[in-house]
Amino acid sequence: MYCDIKSDDYWKQLNDYVSEKHKDQMYGDKNYMYHINMVVGLMAQYVPVDTVAGLELVTGAYCHDLMEDQNVTFKELEDRYGKRVAQLVSAVSGFGNTRAERTADTLEKLEIYPDAVNIKIVDRYCNMICARTSGKEKLMEMYFKEAPKYEEVFKKALPEF
């Protein structure tokens with residue numbers, strides 16, 4: 001792992017790394033870290049980070065858009081944060097030429113890594129809140145149209161973290 005789980009500066013180093021990777025990316029009219037912090041903040045309310053599994057989930061939440069948006073590789077995440085975090089991030093990252101292909105790719109991986117479902121649910125929830133509060137009705141329509149595709153896999157979310 002990049003940084004010892006007990007290190008006092010683990011979260012600072014993680015935040016600095018993710019901030020640097022997303023430095024030129026925007027989330028609407030806000031810096032992209034607004035979205036990352038929203039997802040992490042919600043996850044951290046429910047996930048005990050004093051366990052390895054909890055630490056991996058919250059770290060995965062921090063990194064959840066790095067592969068998809070910033071072309072960070074599985075290997076880079078694995079080298080920095082371990083194989084499990086890389087698997088979680090990969091599972092919530094969709095690849096393909098169309099949105100439908102990216103969604104199908106994500107759903108396939110979420111079947112393999114059900115603990116990543118929790119990250120995807122929180123990410124989707126945060127995206128929907130921002131779309132709704134920003135008046136982005138077309139974006140909301142897209143999320144509602146996609147909801148049935150996610151229904152079965154979202155049922156597999158772990159009730160406890």
# chains A, B, ... in the order shown; residues from 1 in each chain; ligands from 1
>>> residues_around(residues="A:Asp29", least_positions_apart="5", cutoff="12 Å", atoms="only C-alpha atoms", output="VMD selection string")
chain A and resid 34 to 35 130 134
>>> residues_around(residues="stretch 43-55 of chain A", least_positions_apart="3", cutoff="10 Å", atoms="only C-alpha atoms", output="number ranges by chain")
A: 5-6, 37-40, 58-62, 84-85, 115, 118-119, 121-123, 160-161
>>> write_last_selection(atoms="C-alpha atoms", output="JSON list (two decimals), in the first residue's frame")
[["chain", "number", "residue", "atom", "x", "y", "z"],
["A", 5, "ILE", "CA", -3.32, 2.43, 7.23],
["A", 6, "LYS", "CA", -2.34, 3.90, 10.59],
["A", 37, "ASN", "CA", -15.94, 15.19, -1.30],
["A", 38, "MET", "CA", -19.71, 14.77, -1.51],
["A", 39, "VAL", "CA", -19.35, 11.04, -2.29],
["A", 40, "VAL", "CA", -16.63, 10.49, 0.31],
["A", 58, "VAL", "CA", -13.72, 4.97, 1.48],
["A", 59, "THR", "CA", -10.43, 5.05, -0.43],
["A", 60, "GLY", "CA", -12.30, 3.57, -3.39],
["A", 61, "ALA", "CA", -14.91, 6.31, -3.03],
["A", 62, "TYR", "CA", -12.15, 8.93, -3.14],
["A", 84, "ARG", "CA", -8.76, -4.30, -3.52],
["A", 85, "VAL", "CA", -9.06, -0.53, -4.02],
["A", 115, "ASP", "CA", -19.02, -4.40, -2.33],
["A", 118, "ASN", "CA", -22.17, 0.75, -2.35],
["A", 119, "ILE", "CA", -19.77, 3.21, -3.98],
["A", 121, "ILE", "CA", -25.08, 3.88, -5.26],
["A", 122, "VAL", "CA", -23.56, 6.81, -3.36],
["A", 123, "ASP", "CA", -22.01, 8.22, -6.54],
["A", 160, "GLU", "CA", -23.42, -3.37, 6.42],
["A", 161, "PHE", "CA", -20.09, -1.97, 5.46]]
>>> residues_around(residues="A:Val92", least_positions_apart="3", cutoff="9 Å", atoms="only C-alpha atoms", output="list in words")
His64, Asp65, Glu68, Gln87, Leu88, Val89, Thr106, Leu107, Lys109, Leu110, Ala116, Val117, Ile119 and Lys120 of chain A
>>> select_by_dssp(residues="chain A", states="strand (DSSP E or B)", output="list in words")
Met26, Tyr27, Lys30 and Asn31 of chain A
>>> write_last_selection(atoms="N, CA, C and O atoms", output="PDB file, in the first residue's frame")
ATOM      1  N   MET A  26     -13.969  19.940 -13.994  1.00  0.00           N
ATOM      2  CA  MET A  26     -15.043  20.671 -13.318  1.00  0.00           C
ATOM      3  C   MET A  26     -16.250  19.752 -13.130  1.00  0.00           C
ATOM      4  O   MET A  26     -16.439  18.784 -13.871  1.00  0.00           O
ATOM      5  N   TYR A  27     -17.049  20.089 -12.150  1.00  0.00           N
ATOM      6  CA  TYR A  27     -18.314  19.407 -11.878  1.00  0.00           C
ATOM      7  C   TYR A  27     -19.377  20.494 -11.947  1.00  0.00           C
ATOM      8  O   TYR A  27     -19.610  21.202 -10.973  1.00  0.00           O
ATOM      9  N   LYS A  30     -18.371  23.949 -10.464  1.00  0.00           N
ATOM     10  CA  LYS A  30     -17.517  23.770  -9.290  1.00  0.00           C
ATOM     11  C   LYS A  30     -16.294  22.922  -9.646  1.00  0.00           C
ATOM     12  O   LYS A  30     -16.312  22.151 -10.591  1.00  0.00           O
ATOM     13  N   ASN A  31     -15.262  23.041  -8.841  1.00  0.00           N
ATOM     14  CA  ASN A  31     -14.106  22.162  -8.967  1.00  0.00           C
ATOM     15  C   ASN A  31     -14.575  20.727  -8.741  1.00  0.00           C
ATOM     16  O   ASN A  31     -15.451  20.476  -7.908  1.00  0.00           O
TER      17      ASN A  31
END
>>> closest_residue(among="A:Trp11, A:Met67, A:Arg80, A:Gly28", to="A:Gly135", atoms="only C-alpha atoms")
A:Gly28
>>> select_by_dssp(residues="chain A", states="helix (DSSP H, G or I)", output="ChimeraX atom specification")
/A:10-21,33-46,52-63,66-70,74-81,83-91,99-112,114-133,137-154
>>> write_last_selection(atoms="C-alpha atoms", output="tab-separated table (two decimals), in the first residue's frame")
chain	number	residue	atom	x	y	z
A	10	TYR	CA	-3.12	8.92	4.92
A	11	TRP	CA	-6.23	11.02	4.18
A	12	LYS	CA	-4.21	14.13	3.34
A	13	GLN	CA	-2.01	12.20	0.93
A	14	LEU	CA	-5.05	10.56	-0.63
A	15	ASN	CA	-6.87	13.88	-0.98
A	16	ASP	CA	-3.78	15.53	-2.46
A	17	TYR	CA	-3.35	12.70	-4.98
A	18	VAL	CA	-7.00	12.75	-6.09
A	19	SER	CA	-7.07	16.57	-6.16
A	20	GLU	CA	-4.00	16.65	-8.38
A	21	LYS	CA	-5.49	14.10	-10.78
A	33	MET	CA	-13.38	17.80	-5.77
A	34	TYR	CA	-16.82	19.11	-4.80
A	35	HIS	CA	-18.27	15.86	-6.20
A	36	ILE	CA	-15.51	13.67	-4.76
A	37	ASN	CA	-15.94	15.19	-1.30
A	38	MET	CA	-19.71	14.77	-1.51
A	39	VAL	CA	-19.35	11.04	-2.29
A	40	VAL	CA	-16.63	10.49	0.31
A	41	GLY	CA	-18.51	12.47	2.95
A	42	LEU	CA	-21.61	10.35	2.54
A	43	MET	CA	-19.65	7.08	2.47
A	44	ALA	CA	-17.63	8.05	5.54
A	45	GLN	CA	-20.84	8.54	7.55
A	46	TYR	CA	-21.62	4.84	7.24
A	52	VAL	CA	-9.23	-2.57	6.39
A	53	ALA	CA	-12.48	-3.21	4.47
A	54	GLY	CA	-13.87	0.18	5.50
A	55	LEU	CA	-10.65	1.97	4.65
A	56	GLU	CA	-10.65	0.32	1.21
A	57	LEU	CA	-14.26	1.34	0.54
A	58	VAL	CA	-13.72	4.97	1.48
A	59	THR	CA	-10.43	5.05	-0.43
A	60	GLY	CA	-12.30	3.57	-3.39
A	61	ALA	CA	-14.91	6.31	-3.03
A	62	TYR	CA	-12.15	8.93	-3.14
A	63	CYS	CA	-10.69	7.36	-6.28
A	66	LEU	CA	-9.89	8.28	-11.62
A	67	MET	CA	-9.88	5.41	-14.12
A	68	GLU	CA	-12.92	6.63	-16.01
A	69	ASP	CA	-12.15	10.34	-16.12
A	70	GLN	CA	-8.39	10.64	-15.67
A	74	PHE	CA	-5.44	-0.33	-12.47
A	75	LYS	CA	-1.72	-0.85	-11.85
A	76	GLU	CA	-1.21	2.71	-10.61
A	77	LEU	CA	-4.08	2.40	-8.14
A	78	GLU	CA	-2.94	-1.06	-7.11
A	79	ASP	CA	0.60	0.19	-6.48
A	80	ARG	CA	-0.63	3.14	-4.43
A	81	TYR	CA	-3.62	1.71	-2.52
A	83	LYS	CA	-5.40	-4.52	-5.29
A	84	ARG	CA	-8.76	-4.30	-3.52
A	85	VAL	CA	-9.06	-0.53	-4.02
A	86	ALA	CA	-8.09	-0.93	-7.67
A	87	GLN	CA	-10.80	-3.60	-8.06
A	88	LEU	CA	-13.42	-1.37	-6.43
A	89	VAL	CA	-12.55	1.58	-8.66
A	90	SER	CA	-12.45	-0.59	-11.75
A	91	ALA	CA	-15.87	-2.02	-10.90
A	99	ARG	CA	-23.21	5.40	-22.57
A	100	ALA	CA	-25.07	2.09	-22.99
A	101	GLU	CA	-21.77	0.24	-23.45
A	102	ARG	CA	-20.24	1.98	-20.43
A	103	THR	CA	-23.29	1.14	-18.31
A	104	ALA	CA	-23.23	-2.51	-19.39
A	105	ASP	CA	-19.50	-2.71	-18.60
A	106	THR	CA	-20.05	-1.27	-15.13
A	107	LEU	CA	-23.00	-3.55	-14.37
A	108	GLU	CA	-21.00	-6.61	-15.39
A	109	LYS	CA	-18.16	-5.68	-13.04
A	110	LEU	CA	-20.52	-4.81	-10.18
A	111	GLU	CA	-21.84	-8.38	-10.35
A	112	ILE	CA	-18.29	-9.60	-9.72
A	114	PRO	CA	-20.71	-6.51	-5.02
A	115	ASP	CA	-19.02	-4.40	-2.33
A	116	ALA	CA	-18.34	-1.80	-5.03
A	117	VAL	CA	-22.11	-1.45	-5.45
A	118	ASN	CA	-22.17	0.75	-2.35
A	119	ILE	CA	-19.77	3.21	-3.98
A	120	LYS	CA	-21.84	3.26	-7.18
A	121	ILE	CA	-25.08	3.88	-5.26
A	122	VAL	CA	-23.56	6.81	-3.36
A	123	ASP	CA	-22.01	8.22	-6.54
A	124	ARG	CA	-25.32	7.96	-8.41
A	125	TYR	CA	-27.22	9.50	-5.48
A	126	CYS	CA	-24.81	12.46	-5.33
A	127	ASN	CA	-25.03	12.94	-9.10
A	128	MET	CA	-28.82	12.95	-8.92
A	129	ILE	CA	-28.91	15.45	-6.05
A	130	CYS	CA	-26.65	17.82	-7.99
A	131	ALA	CA	-28.62	17.38	-11.20
A	132	ARG	CA	-31.88	18.07	-9.37
A	133	THR	CA	-30.63	21.10	-7.44
A	137	GLU	CA	-33.83	17.97	-15.96
A	138	LYS	CA	-32.39	16.15	-18.99
A	139	LEU	CA	-29.71	14.66	-16.79
A	140	MET	CA	-32.35	13.59	-14.27
A	141	GLU	CA	-34.36	11.98	-17.08
A	142	MET	CA	-31.29	10.04	-18.14
A	143	TYR	CA	-30.72	8.79	-14.58
A	144	PHE	CA	-34.37	7.74	-14.25
A	145	LYS	CA	-34.24	5.92	-17.61
A	146	GLU	CA	-31.13	4.05	-16.48
A	147	ALA	CA	-32.53	3.15	-13.06
A	148	PRO	CA	-34.12	-0.16	-14.15
A	149	LYS	CA	-30.75	-1.33	-15.50
A	150	TYR	CA	-29.20	-0.85	-12.06
A	151	GLU	CA	-32.11	-2.19	-10.02
A	152	GLU	CA	-31.00	-5.82	-9.70
A	153	VAL	CA	-27.36	-5.06	-9.02
A	154	PHE	CA	-28.23	-2.31	-6.51
